[in-house]
$ cat structure-v3.csv   # CSV, C-alpha atoms
chain,number,residue,atom,x,y,z
A,1,MET,CA,15.1,-62.3,-37.1
A,2,ILE,CA,12.5,-63.4,-39.6
A,3,PRO,CA,12.4,-67.3,-39.9
A,4,SER,CA,13.3,-68.8,-43.3
A,5,GLY,CA,10.4,-69.2,-45.6
A,6,GLU,CA,8.4,-66.4,-44.0
A,7,SER,CA,8.0,-62.9,-45.5
A,8,ALA,CA,8.5,-59.7,-43.5
A,9,PRO,CA,5.3,-58.1,-42.2
A,10,SER,CA,4.0,-55.4,-44.5
A,11,LEU,CA,3.7,-51.7,-43.3
A,12,ASP,CA,1.7,-49.0,-44.8
A,13,PRO,CA,3.8,-46.2,-46.4
A,14,ALA,CA,3.3,-43.6,-43.6
A,15,GLN,CA,4.2,-46.1,-40.8
A,16,ALA,CA,7.2,-47.2,-42.8
A,17,ALA,CA,8.4,-43.6,-43.3
A,18,SER,CA,8.0,-42.9,-39.6
A,19,GLU,CA,10.0,-46.0,-38.6
A,20,ALA,CA,12.7,-44.9,-41.0
A,21,VAL,CA,12.9,-41.4,-39.5
A,22,LYS,CA,13.1,-42.9,-36.0
A,23,ALA,CA,15.9,-45.2,-37.1
A,24,TYR,CA,17.8,-42.3,-38.7
A,25,ILE,CA,17.5,-40.2,-35.5
A,26,ARG,CA,18.8,-43.1,-33.3
A,27,MET,CA,21.8,-43.6,-35.5
A,28,ASN,CA,22.6,-39.9,-36.0
A,29,ARG,CA,22.0,-38.1,-32.7
A,30,ALA,CA,25.2,-36.1,-32.8
A,31,ARG,CA,24.6,-34.8,-36.2
A,32,LEU,CA,21.0,-33.9,-35.4
A,33,ALA,CA,22.1,-31.9,-32.3
A,34,SER,CA,24.3,-29.7,-34.5
A,35,ASP,CA,21.8,-29.3,-37.3
A,36,GLY,CA,19.5,-26.4,-36.2
A,37,GLU,CA,17.6,-26.4,-39.5
A,38,LEU,CA,16.6,-30.1,-39.1
A,39,LEU,CA,15.7,-29.5,-35.4
A,40,ALA,CA,13.4,-26.6,-36.6
A,41,LEU,CA,11.7,-29.0,-38.9
A,42,LEU,CA,11.2,-31.7,-36.3
A,43,LEU,CA,10.2,-29.3,-33.5
A,44,PRO,CA,8.3,-26.5,-35.3
A,45,GLU,CA,6.3,-25.3,-32.3
A,46,ARG,CA,9.5,-24.4,-30.4
A,47,PHE,CA,10.9,-22.3,-33.2
A,48,GLU,CA,7.7,-21.0,-34.8
A,49,GLY,CA,8.2,-17.7,-36.6
A,50,ALA,CA,12.0,-17.8,-36.3
A,51,LYS,CA,14.5,-18.7,-39.0
A,52,VAL,CA,16.7,-21.0,-37.0
A,53,LEU,CA,19.8,-22.1,-39.0
A,54,ASP,CA,22.1,-22.6,-36.1
A,55,LEU,CA,20.8,-23.8,-32.8
A,56,GLN,CA,23.8,-22.5,-30.8
A,57,HIS,CA,23.6,-19.1,-32.4
A,58,PHE,CA,19.9,-19.0,-31.6
A,59,ALA,CA,20.5,-19.8,-28.0
A,60,LEU,CA,23.3,-17.3,-27.7
A,61,GLU,CA,21.1,-14.5,-29.2
A,62,ARG,CA,18.3,-15.3,-26.8
A,63,LEU,CA,20.6,-15.2,-23.9
A,64,ARG,CA,22.0,-11.8,-25.1
A,65,ALA,CA,18.5,-10.4,-25.3
A,66,GLU,CA,17.6,-11.6,-21.9
A,67,ASN,CA,20.8,-10.3,-20.4
A,68,GLN,CA,20.2,-6.9,-22.0
A,69,ALA,CA,16.7,-6.8,-20.6
A,70,LEU,CA,18.1,-7.5,-17.1
A,71,LYS,CA,20.7,-4.8,-17.5
A,72,ILE,CA,18.0,-2.3,-18.5
A,73,GLU,CA,15.9,-3.3,-15.5
A,74,ARG,CA,18.9,-3.0,-13.2
A,75,ASP,CA,19.9,0.4,-14.5
A,76,GLY,CA,16.3,1.6,-14.1
A,77,LEU,CA,16.2,0.4,-10.4
A,78,LYS,CA,19.6,2.0,-9.8
A,79,GLY,CA,18.3,5.3,-11.3
A,80,PHE,CA,15.2,5.2,-9.2
A,81,ARG,CA,17.2,4.5,-6.0
A,82,ASP,CA,19.6,7.3,-6.7
A,83,ARG,CA,16.7,9.7,-7.4
A,84,SER,CA,15.0,8.6,-4.2
A,85,VAL,CA,18.2,9.4,-2.2
A,86,ARG,CA,18.6,12.8,-3.8
A,87,LEU,CA,14.9,13.6,-3.1
A,88,GLY,CA,15.3,12.6,0.5
A,89,GLU,CA,18.3,15.0,0.8
A,90,SER,CA,16.4,17.8,-0.8
A,91,VAL,CA,13.4,17.3,1.4
A,92,ARG,CA,15.5,17.6,4.6
A,93,ARG,CA,17.3,20.7,3.2
A,94,PHE,CA,14.0,22.5,2.5
A,95,MET,CA,12.6,21.4,5.8
A,96,LEU,CA,15.3,23.5,7.4
A,97,ASP,CA,14.4,26.4,5.2
A,98,LEU,CA,10.8,26.1,6.3
A,99,VAL,CA,11.9,26.3,9.9
A,100,GLY,CA,13.9,29.4,9.2
A,101,ALA,CA,11.3,31.2,7.2
A,102,ALA,CA,10.5,34.6,8.7
A,103,SER,CA,7.0,35.1,7.3
A,104,LEU,CA,4.1,33.3,5.7
A,105,ALA,CA,5.2,34.7,2.3
A,106,ASP,CA,8.7,33.2,2.9
A,107,VAL,CA,7.1,29.8,3.7
A,108,ILE,CA,5.2,29.9,0.5
A,109,ALA,CA,8.3,30.9,-1.4
A,110,VAL,CA,10.3,28.0,0.0
A,111,ALA,CA,7.5,25.6,-0.9
A,112,THR,CA,7.2,26.8,-4.5
A,113,GLY,CA,10.9,27.1,-4.9
A,114,ALA,CA,11.4,23.5,-4.0
A,115,ALA,CA,9.6,22.3,-7.1
A,116,ARG,CA,12.7,21.4,-9.2
A,117,ALA,CA,14.4,19.6,-6.3
A,118,LEU,CA,11.3,17.6,-5.7
A,119,GLY,CA,11.1,16.4,-9.4
A,120,ALA,CA,8.5,18.9,-10.5
A,121,ASP,CA,8.4,21.7,-13.0
A,122,LYS,CA,6.2,23.9,-10.8
A,123,ALA,CA,4.6,23.9,-7.3
A,124,VAL,CA,1.6,25.8,-6.0
A,125,LEU,CA,-0.5,26.0,-2.8
A,126,CYS,CA,-4.2,25.7,-3.6
A,127,VAL,CA,-6.5,27.2,-1.0
A,128,GLU,CA,-10.3,26.7,-1.1
A,129,SER,CA,-12.1,30.1,-0.9
A,130,ALA,CA,-15.5,31.3,-1.9
A,131,VAL,CA,-14.3,34.9,-2.0
A,132,ASP,CA,-11.2,36.6,-3.5
A,133,ILE,CA,-8.0,36.3,-1.5
A,134,PRO,CA,-5.0,38.5,-1.6
A,135,ALA,CA,-2.7,37.9,-4.6
A,136,VAL,CA,0.4,36.1,-3.4
A,137,GLU,CA,3.0,34.5,-5.6
A,138,GLY,CA,2.6,30.7,-5.4
A,139,LEU,CA,-0.9,30.8,-3.8
A,140,ARG,CA,-3.9,29.9,-5.9
A,141,PRO,CA,-7.5,30.1,-4.8
A,142,VAL,CA,-9.7,27.2,-5.8
A,143,GLY,CA,-13.4,26.6,-5.4
A,144,PRO,CA,-15.0,25.0,-2.3
A,145,GLY,CA,-15.0,21.2,-2.5
A,146,THR,CA,-11.9,21.0,-4.7
A,147,VAL,CA,-9.7,19.3,-2.1
A,148,THR,CA,-12.3,16.5,-1.5
A,149,ALA,CA,-12.9,16.2,-5.3
A,150,VAL,CA,-9.1,15.6,-5.8
A,151,LEU,CA,-8.3,13.5,-2.8
A,152,GLY,CA,-11.6,12.0,-1.7
A,153,PRO,CA,-13.0,12.4,1.8
A,154,GLY,CA,-10.2,12.2,4.3
A,155,GLY,CA,-7.6,11.4,1.6
A,156,MET,CA,-4.1,12.8,2.4
A,157,GLY,CA,-2.5,12.6,-1.1
A,158,ALA,CA,-2.9,11.5,-4.6
A,159,ILE,CA,-0.7,10.9,-7.7
A,160,LEU,CA,-2.6,12.1,-10.8
A,161,SER,CA,-2.0,12.0,-14.6
A,162,GLY,CA,-4.4,14.8,-15.4
A,163,GLY,CA,-6.5,17.7,-14.0
A,164,GLY,CA,-3.7,20.2,-13.9
A,165,GLU,CA,-5.9,23.0,-15.3
A,166,ILE,CA,-8.0,22.9,-12.1
A,167,LEU,CA,-5.0,23.2,-9.8
A,168,PHE,CA,-2.6,25.3,-11.8
A,169,GLY,CA,-4.8,27.1,-14.3
A,170,PRO,CA,-4.4,26.9,-18.1
A,171,GLU,CA,-0.6,26.1,-17.9
A,172,GLY,CA,-1.5,23.0,-15.9
A,173,ALA,CA,-2.7,21.3,-19.1
A,174,ALA,CA,0.9,20.5,-20.0
A,175,PHE,CA,1.5,18.5,-16.8
A,176,LYS,CA,1.2,14.8,-17.2
A,177,SER,CA,2.2,14.0,-13.6
A,178,LEU,CA,0.8,15.7,-10.5
A,179,ALA,CA,1.3,15.1,-6.8
A,180,ALA,CA,-1.5,16.6,-4.7
A,181,LEU,CA,-1.0,16.6,-0.9
A,182,ARG,CA,-3.5,17.7,1.7
A,183,LEU,CA,-2.4,20.5,4.1
A,184,ARG,CA,-4.2,20.2,7.4
A,185,LEU,CA,-4.7,23.8,8.4
A,186,GLN,CA,-7.1,25.2,11.0
A,187,GLY,CA,-10.2,26.5,9.3
A,188,LEU,CA,-8.7,26.0,5.8
A,189,SER,CA,-8.9,23.4,3.1
A,190,ALA,CA,-5.6,23.4,1.2
A,191,LEU,CA,-3.4,21.4,-1.1
A,192,TYR,CA,0.3,21.5,-1.9
A,193,VAL,CA,0.6,20.5,-5.6
A,194,LEU,CA,3.5,19.5,-7.7
A,195,GLY,CA,3.3,19.4,-11.5
A,196,ALA,CA,5.6,17.9,-14.1
A,197,ALA,CA,5.5,17.6,-17.9
A,198,ALA,CA,7.1,14.1,-17.7
A,199,GLU,CA,4.9,11.0,-17.2
A,200,ASP,CA,5.1,8.9,-14.0
A,201,ARG,CA,7.3,11.5,-12.3
A,202,PHE,CA,6.1,10.8,-8.7
A,203,GLU,CA,5.5,7.1,-8.9
A,204,GLY,CA,7.0,4.9,-6.2
A,205,ARG,CA,6.3,4.3,-2.5
A,206,GLU,CA,9.6,5.9,-1.3
A,207,ILE,CA,9.0,9.1,-3.4
A,208,GLU,CA,5.4,9.4,-2.2
A,209,ALA,CA,6.6,9.0,1.4
A,210,GLU,CA,9.2,11.8,1.0
A,211,LEU,CA,6.7,14.2,-0.5
A,212,GLY,CA,4.2,13.4,2.2
A,213,TYR,CA,6.9,14.1,4.8
A,214,PHE,CA,7.6,17.5,3.2
A,215,ALA,CA,3.9,18.3,3.2
A,216,ARG,CA,3.7,17.6,6.9
A,217,GLY,CA,6.6,20.1,7.5
A,218,LEU,CA,4.9,22.6,5.2
A,219,GLU,CA,1.6,22.5,7.0
A,220,ARG,CA,3.3,23.0,10.4
A,221,ALA,CA,5.3,26.0,9.1
A,222,ILE,CA,2.2,27.6,7.6
A,223,GLY,CA,0.2,26.9,10.8
A,224,ALA,CA,2.9,28.5,12.9
A,225,LYS,CA,2.9,31.6,10.8
A,226,LEU,CA,-0.9,31.9,10.9
A,227,ILE,CA,-0.8,31.6,14.7
A,228,ASP,CA,1.9,34.3,14.9
A,229,LYS,CA,-0.2,36.6,12.7
A,230,CYS,CA,-3.2,36.1,15.0
A,231,LEU,CA,-1.1,36.8,18.1
A,232,ASP,CA,0.6,39.9,16.7
A,233,PRO,CA,-0.7,42.9,18.7
A,234,PRO,CA,-2.6,45.4,16.5
A,235,LYS,CA,-0.5,48.3,15.3
A,236,THR,CA,-1.5,51.7,16.6

$ encode --input "structure-v3.csv" --output "structure tokens"
Amino acid sequence: MIPSGESAPSLDPAQAASEAVKAYIRMNRARLASDGELLALLLPERFEGAKVLDLQHFALERLRAENQALKIERDGLKGFRDRSVRLGESVRRFMLDLVGAASLADVIAVATGAARALGADKAVLCVESAVDIPAVEGLRPVGPGTVTAVLGPGGMGAILSGGGEILFGPEGAAFKSLAALRLRLQGLSALYVLGAAAEDRFEGREIEAELGYFARGLERAIGAKLIDKCLDPPKT
């Protein structure tokens, strides 16, 4: 309280306005909390670029957007998990087909025929050769050093987004996803290659593991047929 006979201390206009605003806020907190437009004026950095007329509406819309983003992420993970399960089942089914293959040509047919089930549009076996090799459906000769150029020294597999022309020929230019897997064959440098027009088709640790597992089965099946061919007695 100001003593009688004394005048109130003078404030500059800016300070007086500031004190008036503070006093108004203290006396009208409930009204302020429900007035989104006023809040946007008082706290511009929190609502920058947004026309906030109703704080509750703003909060609900943000929650809806976050919830939708979480649903999309959940559905994506579920789809990836389902695809991984289907891929695993397909790999095991084709492994049995490899075991039952009667000839090398049958093994190659199983490997290339598995393309769709493995998520690809096409599959091919690339074999390094400095000379012409017999024409076999699904078998493609590539130049010496191609396997190392694609996988690196000692590499067992790679997921690529380009280079399909080298491994598939001209049609490979359309493939935006490639999975190249080394086949460890005695005296041969070879790859099992899957190509897909869709992007990121072979991404994911579980998918890579399943494809690698199939490649190990394929190399064993090819190796067994090559040994059988060497052991066949010459025909008279």

$ residues_around --input "structure-v3.csv" --residues "range 186-203 of chain A" --least-positions-apart "6" --cutoff "8 Å" --atoms "only C-alpha atoms" --output "compact mmCIF listing (two decimals) with C-alpha atoms, in the coordinates of the input"
# COMPACT_ATOMS: atom_id res chain seq x y z
CA ALA A 115 9.60 22.30 -7.10
CA GLY A 119 11.10 16.40 -9.40
CA ALA A 120 8.50 18.90 -10.50
CA ASP A 121 8.40 21.70 -13.00
CA LYS A 122 6.20 23.90 -10.80
CA ALA A 123 4.60 23.90 -7.30
CA VAL A 124 1.60 25.80 -6.00
CA LEU A 125 -0.50 26.00 -2.80
CA CYS A 126 -4.20 25.70 -3.60
CA VAL A 127 -6.50 27.20 -1.00
CA GLU A 128 -10.30 26.70 -1.10
CA VAL A 147 -9.70 19.30 -2.10
CA ILE A 159 -0.70 10.90 -7.70
CA SER A 161 -2.00 12.00 -14.60
CA GLY A 164 -3.70 20.20 -13.90
CA LEU A 167 -5.00 23.20 -9.80
CA GLY A 172 -1.50 23.00 -15.90
CA ALA A 174 0.90 20.50 -20.00
CA PHE A 175 1.50 18.50 -16.80
CA LYS A 176 1.20 14.80 -17.20
CA SER A 177 2.20 14.00 -13.60
CA LEU A 178 0.80 15.70 -10.50
CA ALA A 179 1.30 15.10 -6.80
CA ALA A 180 -1.50 16.60 -4.70
CA ALA A 215 3.90 18.30 3.20
CA GLY A 223 0.20 26.90 10.80

$ atom_distance --input "structure-v3.csv" --atom1 "CA of Gly143 in chain A" --atom2 "CA of Glu210 in chain A"
27.8 Å

$ atom_distance --input "structure-v3.csv" --atom1 "CA of Ile108 in chain A" --atom2 "CA of Arg205 in chain A"
25.8 Å

$ closest_residue --input "structure-v3.csv" --among "A:Ala111, A:Leu185, A:Gly152, A:Asn28" --to "Ala224 in chain A" --atoms "only C-alpha atoms"
A:Leu185

$ closest_residue --input "structure-v3.csv" --among "A:Pro13, A:Gly217, A:Pro141, A:Gly212" --to "Ile166 in chain A" --atoms "only C-alpha atoms"
A:Pro141

$ atom_distance --input "structure-v3.csv" --atom1 "CA of Glu137 in chain A" --atom2 "CA of Gly88 in chain A"
25.8 Å

$ closest_residue --input "structure-v3.csv" --among "A:Ala14, A:Met95, A:Ala114, A:Ala158" --to "Glu208 in chain A" --atoms "only C-alpha atoms"
A:Ala158

$ closest_residue --input "structure-v3.csv" --among "A:Leu183, A:Ala173, A:Ala17, A:Leu139" --to "Ala221 in chain A" --atoms "only C-alpha atoms"
A:Leu183
